[in-house]
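Shown here: work35.pdb, PDB, N, CA and C atoms.
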```pdb
ATOM      1  N   MET D 590      15.578  17.452  -5.982  1.00  0.00           N
ATOM      2  CA  MET D 590      15.140  16.091  -6.200  1.00  0.00           C
ATOM      3  C   MET D 590      16.339  15.154  -6.074  1.00  0.00           C
ATOM      4  N   ALA D 591      16.171  14.124  -5.327  1.00  0.00           N
ATOM      5  CA  ALA D 591      17.247  13.153  -5.142  1.00  0.00           C
ATOM      6  C   ALA D 591      17.339  12.235  -6.363  1.00  0.00           C
ATOM      7  N   THR D 592      18.527  11.876  -6.692  1.00  0.00           N
ATOM      8  CA  THR D 592      18.740  10.924  -7.774  1.00  0.00           C
ATOM      9  C   THR D 592      19.034   9.564  -7.163  1.00  0.00           C
ATOM     10  N   PRO D 593      18.810   8.505  -7.912  1.00  0.00           N
ATOM     11  CA  PRO D 593      19.082   7.173  -7.370  1.00  0.00           C
ATOM     12  C   PRO D 593      20.510   7.074  -6.850  1.00  0.00           C
ATOM     13  N   GLY D 594      20.646   6.501  -5.680  1.00  0.00           N
ATOM     14  CA  GLY D 594      21.949   6.334  -5.066  1.00  0.00           C
ATOM     15  C   GLY D 594      22.391   7.502  -4.212  1.00  0.00           C
ATOM     16  N   THR D 595      21.606   8.580  -4.198  1.00  0.00           N
ATOM     17  CA  THR D 595      21.932   9.755  -3.396  1.00  0.00           C
ATOM     18  C   THR D 595      21.492   9.525  -1.958  1.00  0.00           C
ATOM     19  N   VAL D 596      22.340   9.865  -1.025  1.00  0.00           N
ATOM     20  CA  VAL D 596      21.998   9.752   0.390  1.00  0.00           C
ATOM     21  C   VAL D 596      21.339  11.062   0.822  1.00  0.00           C
ATOM     22  N   LEU D 597      20.181  10.948   1.434  1.00  0.00           N
ATOM     23  CA  LEU D 597      19.457  12.131   1.906  1.00  0.00           C
ATOM     24  C   LEU D 597      19.877  12.461   3.325  1.00  0.00           C
ATOM     25  N   ASP D 598      19.847  13.747   3.641  1.00  0.00           N
ATOM     26  CA  ASP D 598      20.094  14.107   5.031  1.00  0.00           C
ATOM     27  C   ASP D 598      18.854  13.736   5.848  1.00  0.00           C
ATOM     28  N   VAL D 599      19.020  13.638   7.136  1.00  0.00           N
ATOM     29  CA  VAL D 599      17.951  13.173   8.025  1.00  0.00           C
ATOM     30  C   VAL D 599      16.715  14.061   7.921  1.00  0.00           C
ATOM     31  N   GLY D 600      16.887  15.362   7.880  1.00  0.00           N
ATOM     32  CA  GLY D 600      15.751  16.272   7.804  1.00  0.00           C
ATOM     33  C   GLY D 600      14.932  16.069   6.547  1.00  0.00           C
ATOM     34  N   THR D 601      15.607  15.895   5.427  1.00  0.00           N
ATOM     35  CA  THR D 601      14.906  15.665   4.160  1.00  0.00           C
ATOM     36  C   THR D 601      14.179  14.333   4.179  1.00  0.00           C
ATOM     37  N   ALA D 602      14.827  13.319   4.693  1.00  0.00           N
ATOM     38  CA  ALA D 602      14.206  11.993   4.770  1.00  0.00           C
ATOM     39  C   ALA D 602      12.971  12.019   5.663  1.00  0.00           C
ATOM     40  N   GLU D 603      13.045  12.713   6.792  1.00  0.00           N
ATOM     41  CA  GLU D 603      11.894  12.813   7.691  1.00  0.00           C
ATOM     42  C   GLU D 603      10.744  13.566   7.031  1.00  0.00           C
ATOM     43  N   LEU D 604      11.061  14.633   6.307  1.00  0.00           N
ATOM     44  CA  LEU D 604      10.035  15.400   5.600  1.00  0.00           C
ATOM     45  C   LEU D 604       9.360  14.564   4.521  1.00  0.00           C
ATOM     46  N   MET D 605      10.143  13.813   3.776  1.00  0.00           N
ATOM     47  CA  MET D 605       9.576  12.954   2.735  1.00  0.00           C
ATOM     48  C   MET D 605       8.699  11.857   3.335  1.00  0.00           C
ATOM     49  N   LEU D 606       9.144  11.273   4.422  1.00  0.00           N
ATOM     50  CA  LEU D 606       8.351  10.241   5.088  1.00  0.00           C
ATOM     51  C   LEU D 606       7.034  10.810   5.593  1.00  0.00           C
ATOM     52  N   ARG D 607       7.082  11.988   6.161  1.00  0.00           N
ATOM     53  CA  ARG D 607       5.868  12.635   6.660  1.00  0.00           C
ATOM     54  C   ARG D 607       4.905  12.938   5.512  1.00  0.00           C
ATOM     55  N   ALA D 608       5.427  13.436   4.398  1.00  0.00           N
ATOM     56  CA  ALA D 608       4.590  13.736   3.235  1.00  0.00           C
ATOM     57  C   ALA D 608       3.943  12.475   2.676  1.00  0.00           C
ATOM     58  N   LEU D 609       4.697  11.400   2.595  1.00  0.00           N
ATOM     59  CA  LEU D 609       4.139  10.143   2.096  1.00  0.00           C
ATOM     60  C   LEU D 609       3.110   9.567   3.059  1.00  0.00           C
ATOM     61  N   THR D 610       3.322   9.740   4.344  1.00  0.00           N
ATOM     62  CA  THR D 610       2.358   9.272   5.344  1.00  0.00           C
ATOM     63  C   THR D 610       1.048  10.037   5.230  1.00  0.00           C
ATOM     64  N   VAL D 611       1.126  11.356   5.061  1.00  0.00           N
ATOM     65  CA  VAL D 611      -0.090  12.164   4.880  1.00  0.00           C
ATOM     66  C   VAL D 611      -0.794  11.755   3.596  1.00  0.00           C
ATOM     67  N   ASP D 612      -0.033  11.542   2.530  1.00  0.00           N
ATOM     68  CA  ASP D 612      -0.620  11.119   1.258  1.00  0.00           C
ATOM     69  C   ASP D 612      -1.395   9.820   1.426  1.00  0.00           C
ATOM     70  N   LYS D 613      -0.805   8.854   2.086  1.00  0.00           N
ATOM     71  CA  LYS D 613      -1.463   7.558   2.312  1.00  0.00           C
ATOM     72  C   LYS D 613      -2.692   7.709   3.191  1.00  0.00           C
ATOM     73  N   ALA D 614      -2.592   8.513   4.230  1.00  0.00           N
ATOM     74  CA  ALA D 614      -3.735   8.713   5.123  1.00  0.00           C
ATOM     75  C   ALA D 614      -4.887   9.399   4.382  1.00  0.00           C
ATOM     76  N   LEU D 615      -4.578  10.357   3.517  1.00  0.00           N
ATOM     77  CA  LEU D 615      -5.631  11.023   2.741  1.00  0.00           C
ATOM     78  C   LEU D 615      -6.269  10.057   1.750  1.00  0.00           C
ATOM     79  N   TYR D 616      -5.472   9.194   1.171  1.00  0.00           N
ATOM     80  CA  TYR D 616      -6.021   8.145   0.310  1.00  0.00           C
ATOM     81  C   TYR D 616      -7.018   7.294   1.105  1.00  0.00           C
ATOM     82  N   GLU D 617      -6.650   6.941   2.322  1.00  0.00           N
ATOM     83  CA  GLU D 617      -7.518   6.127   3.166  1.00  0.00           C
ATOM     84  C   GLU D 617      -8.795   6.876   3.545  1.00  0.00           C
ATOM     85  N   VAL D 618      -8.712   8.190   3.742  1.00  0.00           N
ATOM     86  CA  VAL D 618      -9.909   8.986   4.029  1.00  0.00           C
ATOM     87  C   VAL D 618     -10.895   8.856   2.869  1.00  0.00           C
ATOM     88  N   VAL D 619     -10.401   9.024   1.658  1.00  0.00           N
ATOM     89  CA  VAL D 619     -11.265   8.931   0.472  1.00  0.00           C
ATOM     90  C   VAL D 619     -11.843   7.531   0.351  1.00  0.00           C
ATOM     91  N   TYR D 620     -11.013   6.514   0.563  1.00  0.00           N
ATOM     92  CA  TYR D 620     -11.495   5.132   0.476  1.00  0.00           C
ATOM     93  C   TYR D 620     -12.616   4.878   1.480  1.00  0.00           C
ATOM     94  N   GLU D 621     -12.395   5.263   2.723  1.00  0.00           N
ATOM     95  CA  GLU D 621     -13.415   5.032   3.746  1.00  0.00           C
ATOM     96  C   GLU D 621     -14.675   5.839   3.465  1.00  0.00           C
ATOM     97  N   PHE D 622     -14.526   7.055   2.952  1.00  0.00           N
ATOM     98  CA  PHE D 622     -15.689   7.874   2.600  1.00  0.00           C
ATOM     99  C   PHE D 622     -16.552   7.161   1.565  1.00  0.00           C
ATOM    100  N   ARG D 623     -15.902   6.526   0.605  1.00  0.00           N
ATOM    101  CA  ARG D 623     -16.634   5.849  -0.467  1.00  0.00           C
ATOM    102  C   ARG D 623     -17.209   4.498  -0.049  1.00  0.00           C
ATOM    103  N   HIS D 624     -16.513   3.793   0.829  1.00  0.00           N
ATOM    104  CA  HIS D 624     -16.900   2.418   1.129  1.00  0.00           C
ATOM    105  C   HIS D 624     -17.439   2.204   2.543  1.00  0.00           C
ATOM    106  N   ARG D 625     -16.909   2.918   3.524  1.00  0.00           N
ATOM    107  CA  ARG D 625     -17.335   2.745   4.916  1.00  0.00           C
ATOM    108  C   ARG D 625     -17.300   4.101   5.616  1.00  0.00           C
ATOM    109  N   PRO D 626     -18.255   4.958   5.315  1.00  0.00           N
ATOM    110  CA  PRO D 626     -18.227   6.317   5.875  1.00  0.00           C
ATOM    111  C   PRO D 626     -18.137   6.360   7.404  1.00  0.00           C
ATOM    112  N   ALA D 627     -18.678   5.380   8.057  1.00  0.00           N
ATOM    113  CA  ALA D 627     -18.635   5.373   9.520  1.00  0.00           C
ATOM    114  C   ALA D 627     -17.217   5.189  10.059  1.00  0.00           C
ATOM    115  N   TRP D 628     -16.308   4.739   9.226  1.00  0.00           N
ATOM    116  CA  TRP D 628     -14.924   4.494   9.659  1.00  0.00           C
ATOM    117  C   TRP D 628     -13.976   5.643   9.316  1.00  0.00           C
ATOM    118  N   MET D 629     -14.492   6.714   8.719  1.00  0.00           N
ATOM    119  CA  MET D 629     -13.624   7.824   8.304  1.00  0.00           C
ATOM    120  C   MET D 629     -12.834   8.419   9.458  1.00  0.00           C
ATOM    121  N   HIS D 630     -13.336   8.296  10.676  1.00  0.00           N
ATOM    122  CA  HIS D 630     -12.638   8.880  11.815  1.00  0.00           C
ATOM    123  C   HIS D 630     -11.239   8.271  12.020  1.00  0.00           C
ATOM    124  N   ILE D 631     -11.044   7.048  11.561  1.00  0.00           N
ATOM    125  CA  ILE D 631      -9.748   6.389  11.759  1.00  0.00           C
ATOM    126  C   ILE D 631      -8.650   7.055  10.922  1.00  0.00           C
ATOM    127  N   PRO D 632      -8.796   7.146   9.591  1.00  0.00           N
ATOM    128  CA  PRO D 632      -7.735   7.831   8.843  1.00  0.00           C
ATOM    129  C   PRO D 632      -7.688   9.333   9.109  1.00  0.00           C
ATOM    130  N   LEU D 633      -8.823   9.948   9.449  1.00  0.00           N
ATOM    131  CA  LEU D 633      -8.791  11.371   9.793  1.00  0.00           C
ATOM    132  C   LEU D 633      -7.949  11.609  11.040  1.00  0.00           C
ATOM    133  N   ALA D 634      -8.008  10.700  11.985  1.00  0.00           N
ATOM    134  CA  ALA D 634      -7.177  10.819  13.186  1.00  0.00           C
ATOM    135  C   ALA D 634      -5.699  10.673  12.819  1.00  0.00           C
ATOM    136  N   ALA D 635      -5.396   9.822  11.868  1.00  0.00           N
ATOM    137  CA  ALA D 635      -4.008   9.664  11.420  1.00  0.00           C
ATOM    138  C   ALA D 635      -3.505  10.954  10.763  1.00  0.00           C
ATOM    139  N   VAL D 636      -4.343  11.584   9.940  1.00  0.00           N
ATOM    140  CA  VAL D 636      -3.952  12.840   9.306  1.00  0.00           C
ATOM    141  C   VAL D 636      -3.697  13.903  10.374  1.00  0.00           C
ATOM    142  N   ALA D 637      -4.604  14.002  11.327  1.00  0.00           N
ATOM    143  CA  ALA D 637      -4.445  14.996  12.404  1.00  0.00           C
ATOM    144  C   ALA D 637      -3.174  14.740  13.215  1.00  0.00           C
ATOM    145  N   ARG D 638      -2.903  13.469  13.471  1.00  0.00           N
ATOM    146  CA  ARG D 638      -1.714  13.113  14.263  1.00  0.00           C
ATOM    147  C   ARG D 638      -0.434  13.497  13.506  1.00  0.00           C
ATOM    148  N   VAL D 639      -0.375  13.194  12.222  1.00  0.00           N
ATOM    149  CA  VAL D 639       0.826  13.493  11.439  1.00  0.00           C
ATOM    150  C   VAL D 639       1.010  15.002  11.284  1.00  0.00           C
ATOM    151  N   LEU D 640      -0.067  15.713  11.006  1.00  0.00           N
ATOM    152  CA  LEU D 640       0.037  17.161  10.818  1.00  0.00           C
ATOM    153  C   LEU D 640       0.285  17.898  12.147  1.00  0.00           C
ATOM    154  N   GLY D 641      -0.107  17.280  13.243  1.00  0.00           N
ATOM    155  CA  GLY D 641       0.089  17.908  14.548  1.00  0.00           C
ATOM    156  C   GLY D 641       1.481  17.710  15.115  1.00  0.00           C
ATOM    157  N   SER D 642       2.223  16.769  14.542  1.00  0.00           N
ATOM    158  CA  SER D 642       3.568  16.486  15.084  1.00  0.00           C
ATOM    159  C   SER D 642       4.629  17.329  14.415  1.00  0.00           C
TER
END
```

Rendering of file as structure tokens:
Amino acid sequence: MATPGTVLDVGTAELMLRALTVDKALYEVVYEFRHRPAWMHIPLAAVARVLGS
């Protein structure tokens, strides 16, 4: 776990960014499922894109 002021190496930073992106996309999947089910394909495509890269 990084402490405040710690510089992360590039690999760790990329992994953290990817994890946060997946987290946000999954949040959006749940939101669209609850409010606009017809739009779920949009965040699902984002999840697939992030996990496929």

DSSP-assigned helix (DSSP H, G or I) among region 590-639 of chain D, expressed as a PyMOL selection string: chain D and resi 599-624+626-628+630-639

For region 594-600 of chain D, take all atoms listed in the file, fit an axis-aligned box around them, add 6 Å to each of the six sides, then output centre and edge lengths in Å rounded to one decimal, as JSON.
```
{"center_x": 18.7, "center_y": 11.3, "center_z": 1.2, "size_x": 19.5, "size_y": 21.9, "size_z": 25.7}
```

Considering only C-alpha atoms, return as a PyMOL selection string whatever protein or nucleic-acid residues lie within 10 Å of Met629 (chain D), sequence-local ones (same chain, fewer than 6 positions apart) excluded. chain D and resi 617-623

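CA of Leu615 (chain D) lies 11.7 Å from CA of His630 (chain D).
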
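Here CA of Pro593 (chain D) and CA of Thr610 (chain D) stand 21.1 Å from one another.
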
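The space between CA of Ala627 (chain D) and atom N of Arg607 (chain D) spans 26.8 Å.
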
Using only N, CA and C atoms, which of D:Thr592, D:Val639, D:Pro632, D:Gly600 sits nearest Tyr616 (chain D)? D:Pro632

With the file shown as input, list the residues that the PyMOL selection byres ((chain D and resi 636) around 8) selects, as number ranges by chain. D: 610-615, 630-635, 637-642

Mind completing region 600-611 of chain D with all heavy atoms? Output as an mmCIF file, keeping the file's coordinate frame, please?
```cif
data_model
loop_
_atom_site.group_PDB
_atom_site.id
_atom_site.type_symbol
_atom_site.label_atom_id
_atom_site.label_comp_id
_atom_site.auth_asym_id
_atom_site.auth_seq_id
_atom_site.Cartn_x
_atom_site.Cartn_y
_atom_site.Cartn_z
ATOM 1 N N GLY D 600 16.887 15.362 7.880
ATOM 2 C CA GLY D 600 15.751 16.272 7.804
ATOM 3 C C GLY D 600 14.932 16.069 6.547
ATOM 4 O O GLY D 600 13.691 16.051 6.592
ATOM 5 N N THR D 601 15.607 15.895 5.427
ATOM 6 C CA THR D 601 14.906 15.665 4.160
ATOM 7 C C THR D 601 14.179 14.333 4.179
ATOM 8 O O THR D 601 13.033 14.225 3.737
ATOM 9 C CB THR D 601 15.894 15.723 2.982
ATOM 10 O OG1 THR D 601 16.533 16.996 2.977
ATOM 11 C CG2 THR D 601 15.193 15.506 1.661
ATOM 12 N N ALA D 602 14.827 13.319 4.693
ATOM 13 C CA ALA D 602 14.206 11.993 4.770
ATOM 14 C C ALA D 602 12.971 12.019 5.663
ATOM 15 O O ALA D 602 11.940 11.432 5.326
ATOM 16 C CB ALA D 602 15.217 10.974 5.283
ATOM 17 N N GLU D 603 13.045 12.713 6.792
ATOM 18 C CA GLU D 603 11.894 12.813 7.691
ATOM 19 C C GLU D 603 10.744 13.566 7.031
ATOM 20 O O GLU D 603 9.582 13.178 7.157
ATOM 21 C CB GLU D 603 12.292 13.488 8.995
ATOM 22 C CG GLU D 603 13.152 12.616 9.880
ATOM 23 C CD GLU D 603 13.649 13.324 11.124
ATOM 24 O OE1 GLU D 603 13.493 14.564 11.235
ATOM 25 O OE2 GLU D 603 14.206 12.632 11.988
ATOM 26 N N LEU D 604 11.061 14.633 6.307
ATOM 27 C CA LEU D 604 10.035 15.400 5.600
ATOM 28 C C LEU D 604 9.360 14.564 4.521
ATOM 29 O O LEU D 604 8.132 14.574 4.386
ATOM 30 C CB LEU D 604 10.650 16.661 4.989
ATOM 31 C CG LEU D 604 9.698 17.579 4.238
ATOM 32 C CD1 LEU D 604 8.614 18.116 5.165
ATOM 33 C CD2 LEU D 604 10.471 18.710 3.608
ATOM 34 N N MET D 605 10.143 13.813 3.776
ATOM 35 C CA MET D 605 9.576 12.954 2.735
ATOM 36 C C MET D 605 8.699 11.857 3.335
ATOM 37 O O MET D 605 7.620 11.569 2.824
ATOM 38 C CB MET D 605 10.690 12.343 1.893
ATOM 39 C CG MET D 605 11.377 13.356 1.003
ATOM 40 S SD MET D 605 12.700 12.633 0.009
ATOM 41 C CE MET D 605 11.754 11.601 -1.108
ATOM 42 N N LEU D 606 9.144 11.273 4.422
ATOM 43 C CA LEU D 606 8.351 10.241 5.088
ATOM 44 C C LEU D 606 7.034 10.810 5.593
ATOM 45 O O LEU D 606 5.975 10.198 5.424
ATOM 46 C CB LEU D 606 9.137 9.614 6.236
ATOM 47 C CG LEU D 606 8.398 8.537 7.025
ATOM 48 C CD1 LEU D 606 7.987 7.382 6.124
ATOM 49 C CD2 LEU D 606 9.264 8.058 8.180
ATOM 50 N N ARG D 607 7.082 11.988 6.161
ATOM 51 C CA ARG D 607 5.868 12.635 6.660
ATOM 52 C C ARG D 607 4.905 12.938 5.512
ATOM 53 O O ARG D 607 3.706 12.707 5.623
ATOM 54 C CB ARG D 607 6.246 13.901 7.399
ATOM 55 C CG ARG D 607 5.129 14.528 8.158
ATOM 56 C CD ARG D 607 5.659 15.645 9.026
ATOM 57 N NE ARG D 607 4.565 16.340 9.670
ATOM 58 C CZ ARG D 607 4.661 17.506 10.232
ATOM 59 N NH1 ARG D 607 5.813 18.120 10.265
ATOM 60 N NH2 ARG D 607 3.627 18.070 10.790
ATOM 61 N N ALA D 608 5.427 13.436 4.398
ATOM 62 C CA ALA D 608 4.590 13.736 3.235
ATOM 63 C C ALA D 608 3.943 12.475 2.676
ATOM 64 O O ALA D 608 2.743 12.465 2.347
ATOM 65 C CB ALA D 608 5.410 14.427 2.159
ATOM 66 N N LEU D 609 4.697 11.400 2.595
ATOM 67 C CA LEU D 609 4.139 10.143 2.096
ATOM 68 C C LEU D 609 3.110 9.567 3.059
ATOM 69 O O LEU D 609 2.111 8.980 2.635
ATOM 70 C CB LEU D 609 5.261 9.137 1.844
ATOM 71 C CG LEU D 609 6.167 9.478 0.660
ATOM 72 C CD1 LEU D 609 7.374 8.551 0.636
ATOM 73 C CD2 LEU D 609 5.404 9.405 -0.640
ATOM 74 N N THR D 610 3.322 9.740 4.344
ATOM 75 C CA THR D 610 2.358 9.272 5.344
ATOM 76 C C THR D 610 1.048 10.037 5.230
ATOM 77 O O THR D 610 -0.031 9.444 5.275
ATOM 78 C CB THR D 610 2.948 9.401 6.757
ATOM 79 O OG1 THR D 610 4.167 8.647 6.819
ATOM 80 C CG2 THR D 610 1.994 8.884 7.804
ATOM 81 N N VAL D 611 1.126 11.356 5.061
ATOM 82 C CA VAL D 611 -0.090 12.164 4.880
ATOM 83 C C VAL D 611 -0.794 11.755 3.596
ATOM 84 O O VAL D 611 -2.020 11.609 3.565
ATOM 85 C CB VAL D 611 0.238 13.672 4.875
ATOM 86 C CG1 VAL D 611 -0.957 14.498 4.435
ATOM 87 C CG2 VAL D 611 0.696 14.115 6.250
#
```
